[in-house]
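> Got a structure for you, structure-v3.cif, holding mmCIF, C-alpha atoms and all ligand atoms.
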data_run
#
loop_
_atom_site.label_atom_id
_atom_site.label_comp_id
_atom_site.auth_asym_id
_atom_site.auth_seq_id
_atom_site.Cartn_x
_atom_site.Cartn_y
_atom_site.Cartn_z
CA MET A 1 0.11 -76.81 57.12
CA ILE A 2 1.32 -74.02 54.88
CA ALA A 3 4.76 -74.81 53.47
CA PRO A 4 7.39 -72.34 54.66
CA PHE A 5 8.02 -69.33 52.46
CA GLU A 6 9.69 -65.98 52.65
CA LEU A 7 7.52 -62.91 53.14
CA VAL A 8 8.88 -59.64 51.79
CA ARG A 9 7.01 -56.46 52.52
CA ALA A 10 7.05 -53.79 49.83
CA GLY A 11 7.30 -50.28 51.25
CA SER A 12 6.38 -48.53 48.02
CA LEU A 13 5.01 -49.30 44.57
CA ALA A 14 8.48 -48.81 43.08
CA GLU A 15 9.92 -51.30 45.54
CA ALA A 16 7.15 -53.79 44.81
CA LEU A 17 7.89 -53.56 41.07
CA GLU A 18 11.61 -54.05 41.69
CA LEU A 19 10.94 -57.10 43.83
CA LEU A 20 8.63 -58.52 41.18
CA GLU A 21 11.17 -57.97 38.45
CA SER A 22 13.98 -59.59 40.40
CA ASP A 23 11.90 -62.68 41.23
CA PRO A 24 9.27 -63.51 38.59
CA GLU A 25 8.33 -66.66 40.54
CA ALA A 26 7.21 -64.64 43.55
CA HIS A 27 3.49 -64.28 44.24
CA VAL A 28 1.80 -61.05 45.22
CA LEU A 29 -0.08 -60.98 48.53
CA ALA A 30 -2.92 -58.46 48.84
CA GLY A 31 -5.88 -59.41 51.10
CA GLY A 32 -4.88 -63.07 51.04
CA THR A 33 -8.33 -64.66 51.08
CA ALA A 34 -7.69 -66.59 47.87
CA LEU A 35 -3.91 -66.93 47.95
CA VAL A 36 -3.65 -68.11 51.57
CA LEU A 37 -6.43 -70.64 50.95
CA LEU A 38 -4.62 -72.07 47.89
CA MET A 39 -1.42 -72.31 49.95
CA LYS A 40 -3.26 -73.91 52.85
CA GLN A 41 -4.67 -76.54 50.51
CA GLY A 42 -1.22 -77.20 49.07
CA LEU A 43 -2.32 -76.13 45.59
CA LEU A 44 0.26 -73.37 45.50
CA ARG A 45 3.70 -73.45 47.10
CA PRO A 46 5.40 -70.14 46.43
CA SER A 47 8.86 -69.73 47.89
CA ARG A 48 8.34 -66.01 48.24
CA LEU A 49 5.40 -63.67 48.73
CA ILE A 50 5.59 -59.96 48.11
CA ASP A 51 3.20 -58.29 50.52
CA ILE A 52 1.77 -55.17 48.90
CA GLY A 53 -0.96 -54.78 51.55
CA GLY A 54 0.61 -51.61 52.95
CA LEU A 55 0.82 -49.63 49.72
CA ALA A 56 -1.39 -46.60 50.27
CA GLU A 57 -0.98 -45.51 46.63
CA LEU A 58 -2.93 -48.59 45.50
CA ARG A 59 -5.83 -47.92 47.82
CA GLY A 60 -8.93 -45.77 47.52
CA ILE A 61 -11.49 -44.63 44.99
CA ARG A 62 -11.29 -41.51 42.84
CA MET A 63 -13.42 -39.88 40.21
CA ASN A 64 -12.12 -37.96 37.21
CA GLY A 65 -14.97 -38.46 34.79
CA ASP A 66 -14.14 -42.15 34.98
CA LEU A 67 -14.36 -44.03 38.25
CA ARG A 68 -10.91 -45.23 39.35
CA ILE A 69 -10.73 -47.96 41.97
CA GLY A 70 -7.30 -48.68 43.47
CA ALA A 71 -6.40 -52.36 43.34
CA LEU A 72 -6.10 -52.67 47.13
CA THR A 73 -9.54 -51.24 47.83
CA THR A 74 -11.54 -53.91 49.66
CA HIS A 75 -14.87 -55.11 48.32
CA LEU A 76 -16.56 -53.75 51.43
CA GLU A 77 -15.07 -50.30 50.83
CA ALA A 78 -16.11 -50.38 47.17
CA GLU A 79 -19.61 -51.61 47.97
CA ARG A 80 -20.18 -48.81 50.49
CA SER A 81 -18.42 -46.04 48.59
CA ALA A 82 -20.67 -43.08 47.79
CA LEU A 83 -18.64 -42.51 44.60
CA VAL A 84 -19.22 -46.05 43.35
CA ARG A 85 -22.90 -45.93 44.26
CA ARG A 86 -23.39 -42.68 42.42
CA HIS A 87 -21.35 -43.73 39.38
CA CYS A 88 -23.02 -47.11 38.98
CA PRO A 89 -25.34 -48.55 41.64
CA ALA A 90 -25.26 -51.97 39.94
CA LEU A 91 -21.48 -52.13 40.37
CA ALA A 92 -21.75 -51.26 44.07
CA SER A 93 -24.33 -53.96 44.61
CA CYS A 94 -22.23 -56.42 42.60
CA PHE A 95 -19.29 -55.85 44.98
CA GLY A 96 -21.79 -56.32 47.81
CA THR A 97 -22.75 -59.81 46.62
CA VAL A 98 -19.21 -61.20 46.79
CA ALA A 99 -19.01 -64.05 49.32
CA THR A 100 -19.60 -62.78 52.86
CA VAL A 101 -18.84 -59.58 54.70
CA ARG A 102 -15.68 -61.05 56.30
CA ILE A 103 -14.28 -61.94 52.91
CA ARG A 104 -15.33 -58.59 51.44
CA ALA A 105 -13.63 -56.76 54.31
CA GLN A 106 -10.34 -58.56 53.64
CA GLY A 107 -10.31 -59.42 49.94
CA THR A 108 -9.34 -56.67 47.53
CA VAL A 109 -10.87 -55.65 44.21
CA GLY A 110 -7.54 -56.11 42.43
CA GLY A 111 -6.78 -59.41 44.11
CA ASN A 112 -10.15 -60.74 43.01
CA LEU A 113 -9.42 -59.88 39.37
CA ALA A 114 -5.84 -61.17 39.42
CA HIS A 115 -7.08 -64.44 40.92
CA ALA A 116 -9.24 -64.92 37.79
CA ASP A 117 -11.67 -67.35 39.33
CA PRO A 118 -14.44 -67.64 36.71
CA ALA A 119 -17.10 -67.90 39.41
CA GLN A 120 -16.35 -64.49 40.89
CA ASP A 121 -18.90 -61.68 40.68
CA PRO A 122 -17.05 -58.49 39.67
CA PRO A 123 -15.45 -59.79 36.42
CA PRO A 124 -18.63 -60.18 34.33
CA MET A 125 -20.05 -56.90 35.67
CA LEU A 126 -16.81 -55.05 34.84
CA VAL A 127 -16.66 -56.61 31.38
CA ALA A 128 -20.23 -55.47 30.72
CA LEU A 129 -19.35 -51.97 31.92
CA GLY A 130 -16.35 -51.80 29.58
CA ALA A 131 -13.88 -51.33 32.44
CA VAL A 132 -10.14 -51.26 31.93
CA ALA A 133 -7.32 -52.71 34.06
CA VAL A 134 -4.27 -50.52 34.56
CA LEU A 135 -1.08 -52.59 34.82
CA GLU A 136 2.20 -51.18 36.04
CA SER A 137 5.70 -52.55 35.63
CA GLY A 138 9.27 -51.28 35.69
CA ALA A 139 8.85 -50.66 31.94
CA GLY A 140 5.81 -48.43 32.39
CA ARG A 141 2.08 -48.59 32.34
CA ARG A 142 -0.42 -50.29 30.04
CA GLU A 143 -4.17 -50.50 29.94
CA VAL A 144 -5.99 -53.73 29.22
CA PRO A 145 -9.74 -53.95 28.54
CA MET A 146 -11.27 -56.11 31.25
CA GLU A 147 -12.35 -58.83 28.83
CA ASP A 148 -8.75 -59.29 27.66
CA LEU A 149 -7.47 -59.54 31.22
CA PHE A 150 -8.89 -63.03 31.65
CA VAL A 151 -7.16 -65.77 29.66
CA ASP A 152 -8.23 -69.00 31.34
CA VAL A 153 -9.21 -70.40 34.73
CA PHE A 154 -6.89 -68.69 37.27
CA GLU A 155 -4.92 -67.19 34.39
CA THR A 156 -4.67 -63.55 33.36
CA SER A 157 -2.71 -61.51 30.84
CA ILE A 158 -0.84 -59.76 33.65
CA GLY A 159 2.77 -60.38 32.58
CA PRO A 160 5.85 -61.18 34.67
CA GLY A 161 6.93 -58.09 36.56
CA GLU A 162 3.52 -56.46 36.16
CA LEU A 163 1.20 -55.42 38.95
CA LEU A 164 -2.50 -54.56 38.70
CA ARG A 165 -2.61 -50.98 39.91
CA GLU A 166 -6.20 -49.83 39.46
CA ILE A 167 -9.34 -50.36 37.46
CA VAL A 168 -11.05 -47.66 35.46
CA VAL A 169 -14.81 -47.74 34.95
CA PRO A 170 -16.17 -45.33 32.32
CA PRO A 171 -19.48 -43.62 33.03
CA LEU A 172 -22.66 -45.16 31.67
CA ALA A 173 -23.89 -43.41 28.53
CA GLU A 174 -26.87 -41.12 28.98
CA GLY A 175 -29.98 -43.27 29.31
CA ALA A 176 -28.08 -46.54 29.78
CA ARG A 177 -28.95 -48.84 32.67
CA ALA A 178 -26.91 -51.61 34.25
CA THR A 179 -27.61 -54.62 36.40
CA TYR A 180 -25.92 -57.65 37.92
CA VAL A 181 -27.93 -60.75 38.74
CA LYS A 182 -26.83 -64.11 40.07
CA PHE A 183 -28.59 -67.43 40.33
CA LEU A 184 -28.07 -69.01 43.76
CA PRO A 185 -30.23 -72.12 44.03
CA ARG A 186 -28.33 -73.53 47.04
CA THR A 187 -27.26 -70.98 49.65
CA GLU A 188 -26.85 -67.22 49.72
CA ASP A 189 -23.08 -67.37 50.22
CA ASP A 190 -22.48 -69.93 47.45
CA TYR A 191 -20.79 -69.31 44.13
CA ALA A 192 -23.34 -68.53 41.46
CA THR A 193 -24.64 -71.28 39.19
CA VAL A 194 -24.66 -68.55 36.57
CA SER A 195 -24.37 -64.78 36.86
CA VAL A 196 -25.04 -61.99 34.38
CA GLY A 197 -23.76 -58.44 34.14
CA ALA A 198 -25.64 -56.36 31.58
CA VAL A 199 -25.82 -52.80 30.29
CA LEU A 200 -28.66 -51.70 28.01
CA ARG A 201 -29.54 -48.41 26.36
CA VAL A 202 -32.87 -48.07 24.63
CA ASP A 203 -33.45 -44.91 22.59
CA ALA A 204 -36.60 -42.79 22.48
CA ASP A 205 -38.29 -44.85 19.76
CA GLY A 206 -37.75 -48.12 21.63
CA ARG A 207 -34.69 -49.37 19.74
CA CYS A 208 -31.64 -50.85 21.38
CA ALA A 209 -28.95 -48.19 20.99
CA ASP A 210 -26.33 -50.22 22.84
CA VAL A 211 -26.04 -53.40 24.83
CA ARG A 212 -23.26 -55.32 26.56
CA VAL A 213 -23.75 -58.64 28.32
CA ALA A 214 -21.21 -60.82 30.13
CA LEU A 215 -21.71 -63.98 32.15
CA GLY A 216 -19.86 -65.57 35.05
CA SER A 217 -19.55 -69.24 36.16
CA VAL A 218 -20.32 -70.63 32.70
CA GLY A 219 -16.88 -70.81 31.12
CA PRO A 220 -13.17 -70.62 31.96
CA THR A 221 -13.36 -66.80 31.87
CA PRO A 222 -16.22 -64.31 31.90
CA VAL A 223 -18.17 -64.90 28.69
CA ARG A 224 -19.10 -61.89 26.60
CA ALA A 225 -22.44 -62.65 24.95
CA ARG A 226 -21.72 -61.16 21.53
CA ARG A 227 -24.46 -63.01 19.67
CA VAL A 228 -27.04 -61.75 22.12
CA GLU A 229 -25.70 -58.24 21.74
CA SER A 230 -25.73 -58.22 17.95
CA ALA A 231 -29.20 -59.74 17.84
CA LEU A 232 -30.46 -56.76 19.82
CA ARG A 233 -28.41 -53.81 18.64
CA GLY A 234 -30.51 -51.47 16.49
CA GLU A 235 -33.62 -53.60 16.96
CA ARG A 236 -36.88 -52.66 18.61
CA VAL A 237 -36.73 -54.36 22.02
CA THR A 238 -40.00 -56.13 22.58
CA PRO A 239 -40.20 -58.80 25.29
CA ALA A 240 -40.39 -61.48 22.57
CA ARG A 241 -37.28 -60.24 20.75
CA LEU A 242 -35.46 -59.95 24.02
CA ARG A 243 -36.25 -63.51 24.90
CA GLU A 244 -35.20 -64.78 21.48
CA ALA A 245 -31.91 -62.88 21.68
CA ALA A 246 -31.20 -63.98 25.26
CA MET A 247 -31.56 -67.64 24.33
CA LEU A 248 -28.67 -67.29 21.86
CA VAL A 249 -26.37 -67.17 24.88
CA ARG A 250 -26.79 -70.91 25.22
CA GLU A 251 -24.51 -71.36 22.22
CA GLU A 252 -21.90 -69.01 23.61
CA VAL A 253 -21.33 -70.36 27.10
CA ASP A 254 -19.16 -73.35 27.95
CA PRO A 255 -20.14 -74.50 31.46
CA ILE A 256 -18.81 -77.53 33.30
CA ALA A 257 -20.91 -79.90 35.38
CA ASP A 258 -20.45 -79.65 39.14
CA ALA A 259 -22.51 -79.68 42.33
CA ARG A 260 -24.40 -76.65 41.03
CA GLY A 261 -25.81 -78.52 38.05
CA SER A 262 -25.05 -80.32 34.81
CA ALA A 263 -23.56 -78.46 31.87
CA ALA A 264 -26.90 -78.67 30.03
CA TYR A 265 -28.78 -77.23 32.99
CA LYS A 266 -26.36 -74.33 33.35
CA ARG A 267 -26.60 -73.63 29.62
CA GLU A 268 -30.35 -73.43 29.95
CA MET A 269 -30.11 -71.23 33.05
CA ALA A 270 -27.69 -68.91 31.26
CA GLY A 271 -30.50 -68.18 28.78
CA VAL A 272 -33.10 -67.71 31.49
CA TRP A 273 -30.93 -65.36 33.57
CA THR A 274 -29.73 -63.38 30.59
CA GLU A 275 -33.36 -62.72 29.72
CA ARG A 276 -34.14 -61.74 33.32
CA ALA A 277 -31.21 -59.34 33.46
CA LEU A 278 -32.15 -57.65 30.19
CA ARG A 279 -35.82 -57.49 31.03
CA ALA A 280 -34.98 -55.71 34.27
CA LEU A 281 -33.25 -53.03 32.19
CA LEU A 282 -36.17 -52.22 29.90
CA PRO A 283 -37.35 -48.64 30.41
CA MET B 284 7.35 -65.78 64.01
CA PRO B 285 7.35 -67.87 60.83
CA ALA B 286 5.76 -66.16 57.81
CA GLU B 287 3.32 -69.04 57.36
CA ARG B 288 1.76 -68.57 60.80
CA LEU B 289 -1.98 -67.86 60.46
CA LEU B 290 -3.62 -65.32 62.72
CA SER B 291 -6.02 -68.00 64.03
CA ASP B 292 -3.08 -70.22 65.06
CA LEU B 293 -1.18 -67.33 66.60
CA LEU B 294 -4.20 -66.45 68.72
CA ARG B 295 -5.06 -69.99 69.79
CA ASP B 296 -1.71 -71.76 70.01
CA ASP B 297 0.82 -69.03 70.77
CA LEU B 298 -1.34 -66.70 72.86
CA GLY B 299 -3.75 -69.25 74.35
CA LEU B 300 -6.78 -67.21 73.26
CA THR B 301 -8.94 -70.21 72.40
CA GLY B 302 -12.20 -68.28 72.28
CA THR B 303 -11.62 -67.89 68.55
CA LYS B 304 -12.77 -71.20 67.05
CA ILE B 305 -11.73 -73.07 63.94
CA GLY B 306 -14.73 -74.60 62.18
CA CYS B 307 -13.95 -75.14 58.52
CA GLY B 308 -10.49 -73.65 58.13
CA VAL B 309 -11.33 -72.57 54.58
CA GLY B 310 -13.10 -69.25 55.02
CA VAL B 311 -16.68 -70.46 54.90
CA CYS B 312 -18.11 -70.83 58.43
CA GLY B 313 -17.10 -67.66 60.29
CA ALA B 314 -16.20 -69.38 63.58
CA CYS B 315 -12.75 -67.77 63.39
CA THR B 316 -14.01 -64.20 62.91
CA VAL B 317 -11.96 -61.53 64.67
CA LEU B 318 -11.83 -57.77 64.25
CA VAL B 319 -8.77 -56.18 62.71
CA ASP B 320 -8.99 -52.41 62.97
CA ASP B 321 -12.70 -52.86 63.83
CA VAL B 322 -13.46 -54.79 60.64
CA PRO B 323 -14.42 -58.50 60.76
CA VAL B 324 -11.90 -60.77 59.03
CA THR B 325 -11.40 -64.48 58.53
CA SER B 326 -8.49 -65.29 60.84
CA CYS B 327 -8.05 -68.78 59.36
CA LEU B 328 -7.12 -67.13 56.03
CA LEU B 329 -5.11 -64.19 57.32
CA LEU B 330 -1.38 -64.45 57.86
CA ALA B 331 -0.53 -63.15 61.32
CA ALA B 332 2.07 -60.93 59.64
CA GLN B 333 -0.72 -59.16 57.74
CA ALA B 334 -2.13 -57.96 61.06
CA GLU B 335 1.17 -56.57 62.31
CA GLY B 336 0.77 -53.12 63.82
CA ARG B 337 -3.01 -53.26 63.63
CA SER B 338 -5.53 -53.54 66.45
CA ILE B 339 -6.95 -57.04 66.89
CA ARG B 340 -10.07 -57.74 68.93
CA THR B 341 -11.15 -61.30 69.70
CA ILE B 342 -14.15 -62.60 71.64
CA GLU B 343 -12.00 -62.34 74.79
CA GLY B 344 -11.94 -58.57 74.38
CA ILE B 345 -15.64 -57.97 73.81
CA ALA B 346 -16.97 -58.02 77.40
CA ASP B 347 -15.74 -55.50 79.94
CA GLY B 348 -14.27 -57.96 82.45
CA ASP B 349 -17.25 -59.90 83.84
CA ARG B 350 -19.74 -57.37 82.50
CA LEU B 351 -21.29 -58.75 79.34
CA THR B 352 -22.32 -56.41 76.54
CA ALA B 353 -25.99 -55.92 75.71
CA LEU B 354 -25.43 -58.12 72.67
CA GLN B 355 -23.96 -60.95 74.73
CA ARG B 356 -26.84 -60.74 77.21
CA ALA B 357 -29.30 -60.82 74.31
CA PHE B 358 -27.69 -64.01 72.97
CA ILE B 359 -28.52 -65.58 76.36
CA THR B 360 -32.06 -64.26 76.74
CA GLU B 361 -33.06 -64.80 73.09
CA GLY B 362 -31.63 -68.31 72.76
CA GLY B 363 -28.93 -67.24 70.34
CA PHE B 364 -26.80 -70.33 70.93
CA GLN B 365 -26.92 -73.99 71.80
CA CYS B 366 -23.60 -75.86 71.51
CA GLY B 367 -21.72 -72.56 71.40
CA ILE B 368 -19.03 -73.38 68.86
CA CYS B 369 -20.17 -70.69 66.42
CA THR B 370 -21.01 -68.17 69.14
CA PRO B 371 -17.71 -66.29 69.45
CA GLY B 372 -17.75 -65.64 65.70
CA GLN B 373 -21.42 -64.64 65.78
CA ILE B 374 -20.85 -62.17 68.60
CA VAL B 375 -17.68 -60.70 67.12
CA SER B 376 -19.43 -60.22 63.73
CA ALA B 377 -22.56 -58.71 65.24
CA THR B 378 -20.46 -56.43 67.47
CA ALA B 379 -18.79 -54.97 64.38
CA LEU B 380 -22.18 -54.53 62.71
CA LEU B 381 -23.67 -52.64 65.66
CA GLU B 382 -20.59 -50.47 65.97
CA ARG B 383 -20.99 -49.37 62.35
CA SER B 384 -24.73 -49.18 62.28
CA ALA B 385 -26.49 -48.84 65.64
CA HIS B 386 -29.94 -49.58 64.20
CA PRO B 387 -29.43 -51.83 61.20
CA ALA B 388 -32.33 -52.68 58.92
CA GLU B 389 -33.41 -56.31 58.84
CA GLY B 390 -31.80 -56.85 55.43
CA GLU B 391 -28.55 -55.39 56.66
CA ILE B 392 -28.50 -57.73 59.67
CA ARG B 393 -29.15 -60.76 57.48
CA ASP B 394 -26.57 -59.81 54.90
CA TRP B 395 -23.92 -59.04 57.51
CA MET B 396 -24.54 -62.23 59.51
CA LYS B 397 -24.82 -64.62 56.58
CA GLY B 398 -21.11 -65.37 56.81
CA ASN B 399 -21.53 -66.98 60.24
CA LEU B 400 -22.93 -70.47 60.01
CA CYS B 401 -24.73 -72.16 62.89
CA ARG B 402 -25.72 -75.83 62.93
CA CYS B 403 -27.85 -75.64 66.06
CA THR B 404 -30.11 -72.64 66.45
CA GLY B 405 -31.77 -72.33 63.08
CA TYR B 406 -30.65 -68.67 63.15
CA TYR B 407 -33.88 -67.17 64.48
CA GLY B 408 -32.49 -66.82 68.00
CA ILE B 409 -29.36 -65.17 66.61
CA LEU B 410 -31.37 -62.66 64.58
CA ARG B 411 -33.59 -61.93 67.59
CA ALA B 412 -30.52 -61.34 69.73
CA VAL B 413 -28.99 -58.87 67.27
CA ARG B 414 -32.30 -57.04 66.91
CA ALA B 415 -32.79 -56.95 70.70
CA ALA B 416 -29.30 -55.56 71.25
CA ALA B 417 -29.90 -52.86 68.63
CA GLU B 418 -33.19 -51.93 70.28
CA ALA B 419 -31.58 -51.89 73.74
CA SER B 420 -29.16 -49.20 72.54
CA ALA B 421 -32.01 -46.91 71.45
S1 LIG A 501 -12.70 -71.49 60.46
FE1 LIG A 501 -12.32 -69.67 59.43
S2 LIG A 501 -14.10 -69.44 58.27
FE2 LIG A 501 -14.39 -71.39 59.14
S1 LIG A 502 -24.75 -72.92 68.56
FE1 LIG A 502 -24.02 -74.76 67.80
S2 LIG A 502 -23.26 -74.18 65.85
FE2 LIG A 502 -24.23 -72.40 66.52
#
Would you write the structure of this file as structure tokens?
Ligand code: FES
Ligand code: FES


Amino acid sequence: MIAPFELVRAGSLAEALELLESDPEAHVLAGGTALVLLMKQGLLRPSRLIDIGGLAELRGIRMNGDLRIGALTTHLEAERSALVRRHCPALASCFGTVATVRIRAQGTVGGNLAHADPAQDPPPMLVALGAVAVLESGAGRREVPMEDLFVDVFETSIGPGELLREIVVPPLAEGARATYVKFLPRTEDDYATVSVGAVLRVDADGRCADVRVALGSVGPTPVRARRVESALRGERVTPARLREAAMLVREEVDPIADARGSAAYKREMAGVWTERALRALLP
Amino acid sequence: MPAERLLSDLLRDDLGLTGTKIGCGVGVCGACTVLVDDVPVTSCLLLAAQAEGRSIRTIEGIADGDRLTALQRAFITEGGFQCGICTPGQIVSATALLERSAHPAEGEIRDWMKGNLCRCTGYYGILRAVRAAAEASA
């Protein structure tokens, strides 16, 4: 079923980077839930996989002011981590809504991002939180803001020879609140029809001090809702203004029709769910 | 062993452990659930090589010989199965849940078990069985 390939196991990060550099056509195997499925379906036929699953240095969650999640941390580990829950409960629950527990126990946080499936849950939440991806290569390290990581469907800005090492999530500003909501009209384990990650900070006199909104499943990459954000920033956030601002998202998204609805329907739902997400964040 | 060998195929075809079922083959149904280092995984999407050196438990390893676990007995008494094709995956998943959390809340049971589809029971019998097994261990 799966076309034959060569499996090379990296014993260290340095070795993995060497292997990647020497064979830019090779694919990186982490948890395998997405990659093995694509290979099983014949959509991907790599001649060589570099298995990084054993690299302890890419695993685990640390805190140094920022939250740092190693790329090989599984979704289940991230969802249950006391550090993640304390740092940002919405992020923990976002990891907890990915697919099913079996997939979360196997699939890794880094693999999910590198896969760049626009219907995945963590990308819009991480964009809204202003997270950063740390990429490592033989030439050194660089940091890429999460919203620049995603280029197109299944396409990222991770270059040849580069490996996603960890993600860095800055703390929420004092008084800011975050949420992740997803619209699942069919079944609980389905991909979202639309999903929204949002962060909102309202100051003491009821004005929006800061806001970041990003949506999943309604474009080739997570969609940052900049019009919504600028319509709110500095304004007094009444329910009416919030609704008006949220509806602007309909001009920003670019959904495709599929079994989860027509493009027009998803556009409409993007507005509805953006409003719901923001309303849930009002003090 | 060829690199492309899946864990589900290794178990069923090479080792003759056919208790692990293949329903969808694409990670959706949960019939192929096995425990790798006590964590439930999707054996139809895991290369056997990824499980090298790790402990693997299948449905064949859940009961102690002929002695069924409380969970397995509860699946019988609570009507937790009909045709049985999903049952190994259901029991393996629920076993891992009860090992982590002896008295899971209702929401935790539902969230944990939602990755195991069943076309026969309508799920109520399965939920009753998991609850009954948790209560039995009180
Ligand atoms: S057979 Fe593996 S999830 Fe359905
Ligand atoms: S008992 Fe038949 S599918 Fe579950």

> What residues in chain B lie within 10 Å of chain A, counting all atoms listed in the file, written as a PyMOL selection string?

chain B and resi 285-289+308-313+316-319+322-330+332-333+376+394-399

> When the cut-off is 7 Å and you count all atoms listed in the file, which residues lie near ligand LIG 502 (chain A), shown as a list in words?

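Counting only what the definition allows, namely all atoms listed in the file, the set is Phe364, Gln365, Cys366, Gly367, Ile368, Cys369, Thr370, Leu400, Cys401, Arg402, Cys403 and Thr404 of chain B.
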
> Keeping only C-alpha atoms, write the selected residues as an mmCIF file, in the frame of the given file.


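Resulting contents of result.cif:
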data_model
loop_
_atom_site.group_PDB
_atom_site.id
_atom_site.type_symbol
_atom_site.label_atom_id
_atom_site.label_comp_id
_atom_site.auth_asym_id
_atom_site.auth_seq_id
_atom_site.Cartn_x
_atom_site.Cartn_y
_atom_site.Cartn_z
ATOM 1 C CA PHE B 364 -26.800 -70.330 70.930
ATOM 2 C CA GLN B 365 -26.920 -73.990 71.800
ATOM 3 C CA CYS B 366 -23.600 -75.860 71.510
ATOM 4 C CA GLY B 367 -21.720 -72.560 71.400
ATOM 5 C CA ILE B 368 -19.030 -73.380 68.860
ATOM 6 C CA CYS B 369 -20.170 -70.690 66.420
ATOM 7 C CA THR B 370 -21.010 -68.170 69.140
ATOM 8 C CA LEU B 400 -22.930 -70.470 60.010
ATOM 9 C CA CYS B 401 -24.730 -72.160 62.890
ATOM 10 C CA ARG B 402 -25.720 -75.830 62.930
ATOM 11 C CA CYS B 403 -27.850 -75.640 66.060
ATOM 12 C CA THR B 404 -30.110 -72.640 66.450
#

> Pick out the closest residue to Leu149 (chain A) from this set: A:Ala178, A:Ser81, A:Thr221, A:Thr108. Count all atoms listed in the file.

A:Thr221

> Would you mind listing what lies within 6 Å of region 347-363 of chain B as a list in words, with all atoms listed in the file counted and same-chain residues fewer than 4 positions away left out?

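In the requested format, the answer is Gly408, Ile409, Ala412 and Ala416 of chain B.
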
> Could you check how far CA of Ile392 (chain B) sits from CA of Glu418 (chain B), in Å to one decimal?

13.0 Å

> Quick one: distance from CA of Ala131 (chain A) to CA of Glu268 (chain A) in Å, one decimal?

27.7 Å

> Between A:Asn64, A:Ser137, A:Ser93, A:Thr193, which has the minimum distance to Pro118 (chain A) (counting all atoms listed in the file)?

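Answer, going by the shortest atom-to-atom distance: A:Thr193.
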
> Please provide the set of residues having any atom within 7 Å of Glu143 (chain A), restricted to all atoms listed in the file, with same-chain residues fewer than 3 positions apart removed, written as a list in words.

Val132, Ala133, Val134 and Leu135 of chain A

> In Å to one decimal, how far is CA of Val253 (chain A) from CA of Asp152 (chain A)?

13.8 Å

> From the set B:Ile342, B:Asp321, B:Glu335, B:Gly372, which residue has the shortest atom-to-atom contact distance to ligand LIG 501 (chain A), counting all atoms listed in the file?

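Checking each of B:Ile342, B:Asp321, B:Glu335, B:Gly372 against ligand LIG 501 (chain A), counting all atoms listed in the file, the winner is B:Gly372.
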
> Can you rebuild region 320-328 of chain B with N, CA, C and O atoms and give it as an mmCIF file, keeping the file's coordinate frame?


data_model
loop_
_atom_site.group_PDB
_atom_site.id
_atom_site.type_symbol
_atom_site.label_atom_id
_atom_site.label_comp_id
_atom_site.auth_asym_id
_atom_site.auth_seq_id
_atom_site.Cartn_x
_atom_site.Cartn_y
_atom_site.Cartn_z
ATOM 1 N N ASP B 320 -8.620 -53.817 63.142
ATOM 2 C CA ASP B 320 -8.990 -52.410 62.970
ATOM 3 C C ASP B 320 -10.520 -52.275 62.833
ATOM 4 O O ASP B 320 -11.022 -51.602 61.921
ATOM 5 N N ASP B 321 -11.233 -52.943 63.704
ATOM 6 C CA ASP B 321 -12.700 -52.860 63.830
ATOM 7 C C ASP B 321 -13.479 -53.492 62.679
ATOM 8 O O ASP B 321 -14.699 -53.350 62.599
ATOM 9 N N VAL B 322 -12.784 -54.170 61.784
ATOM 10 C CA VAL B 322 -13.460 -54.790 60.640
ATOM 11 C C VAL B 322 -13.362 -56.310 60.798
ATOM 12 O O VAL B 322 -12.301 -56.833 61.137
ATOM 13 N N PRO B 323 -14.476 -57.036 60.573
ATOM 14 C CA PRO B 323 -14.420 -58.500 60.760
ATOM 15 C C PRO B 323 -13.599 -59.159 59.649
ATOM 16 O O PRO B 323 -13.790 -58.847 58.472
ATOM 17 N N VAL B 324 -12.689 -60.036 60.031
ATOM 18 C CA VAL B 324 -11.900 -60.770 59.030
ATOM 19 C C VAL B 324 -11.893 -62.252 59.391
ATOM 20 O O VAL B 324 -12.295 -62.652 60.484
ATOM 21 N N THR B 325 -11.431 -63.038 58.438
ATOM 22 C CA THR B 325 -11.400 -64.480 58.530
ATOM 23 C C THR B 325 -10.011 -64.878 59.018
ATOM 24 O O THR B 325 -9.084 -64.964 58.220
ATOM 25 N N SER B 326 -9.858 -65.123 60.326
ATOM 26 C CA SER B 326 -8.490 -65.290 60.840
ATOM 27 C C SER B 326 -7.849 -66.588 60.383
ATOM 28 O O SER B 326 -6.644 -66.731 60.458
ATOM 29 N N CYS B 327 -8.658 -67.544 59.861
ATOM 30 C CA CYS B 327 -8.050 -68.780 59.360
ATOM 31 C C CYS B 327 -7.452 -68.582 57.973
ATOM 32 O O CYS B 327 -6.792 -69.471 57.446
ATOM 33 N N LEU B 328 -7.701 -67.417 57.347
ATOM 34 C CA LEU B 328 -7.120 -67.130 56.030
ATOM 35 C C LEU B 328 -6.295 -65.848 56.050
ATOM 36 O O LEU B 328 -6.032 -65.268 55.000
#
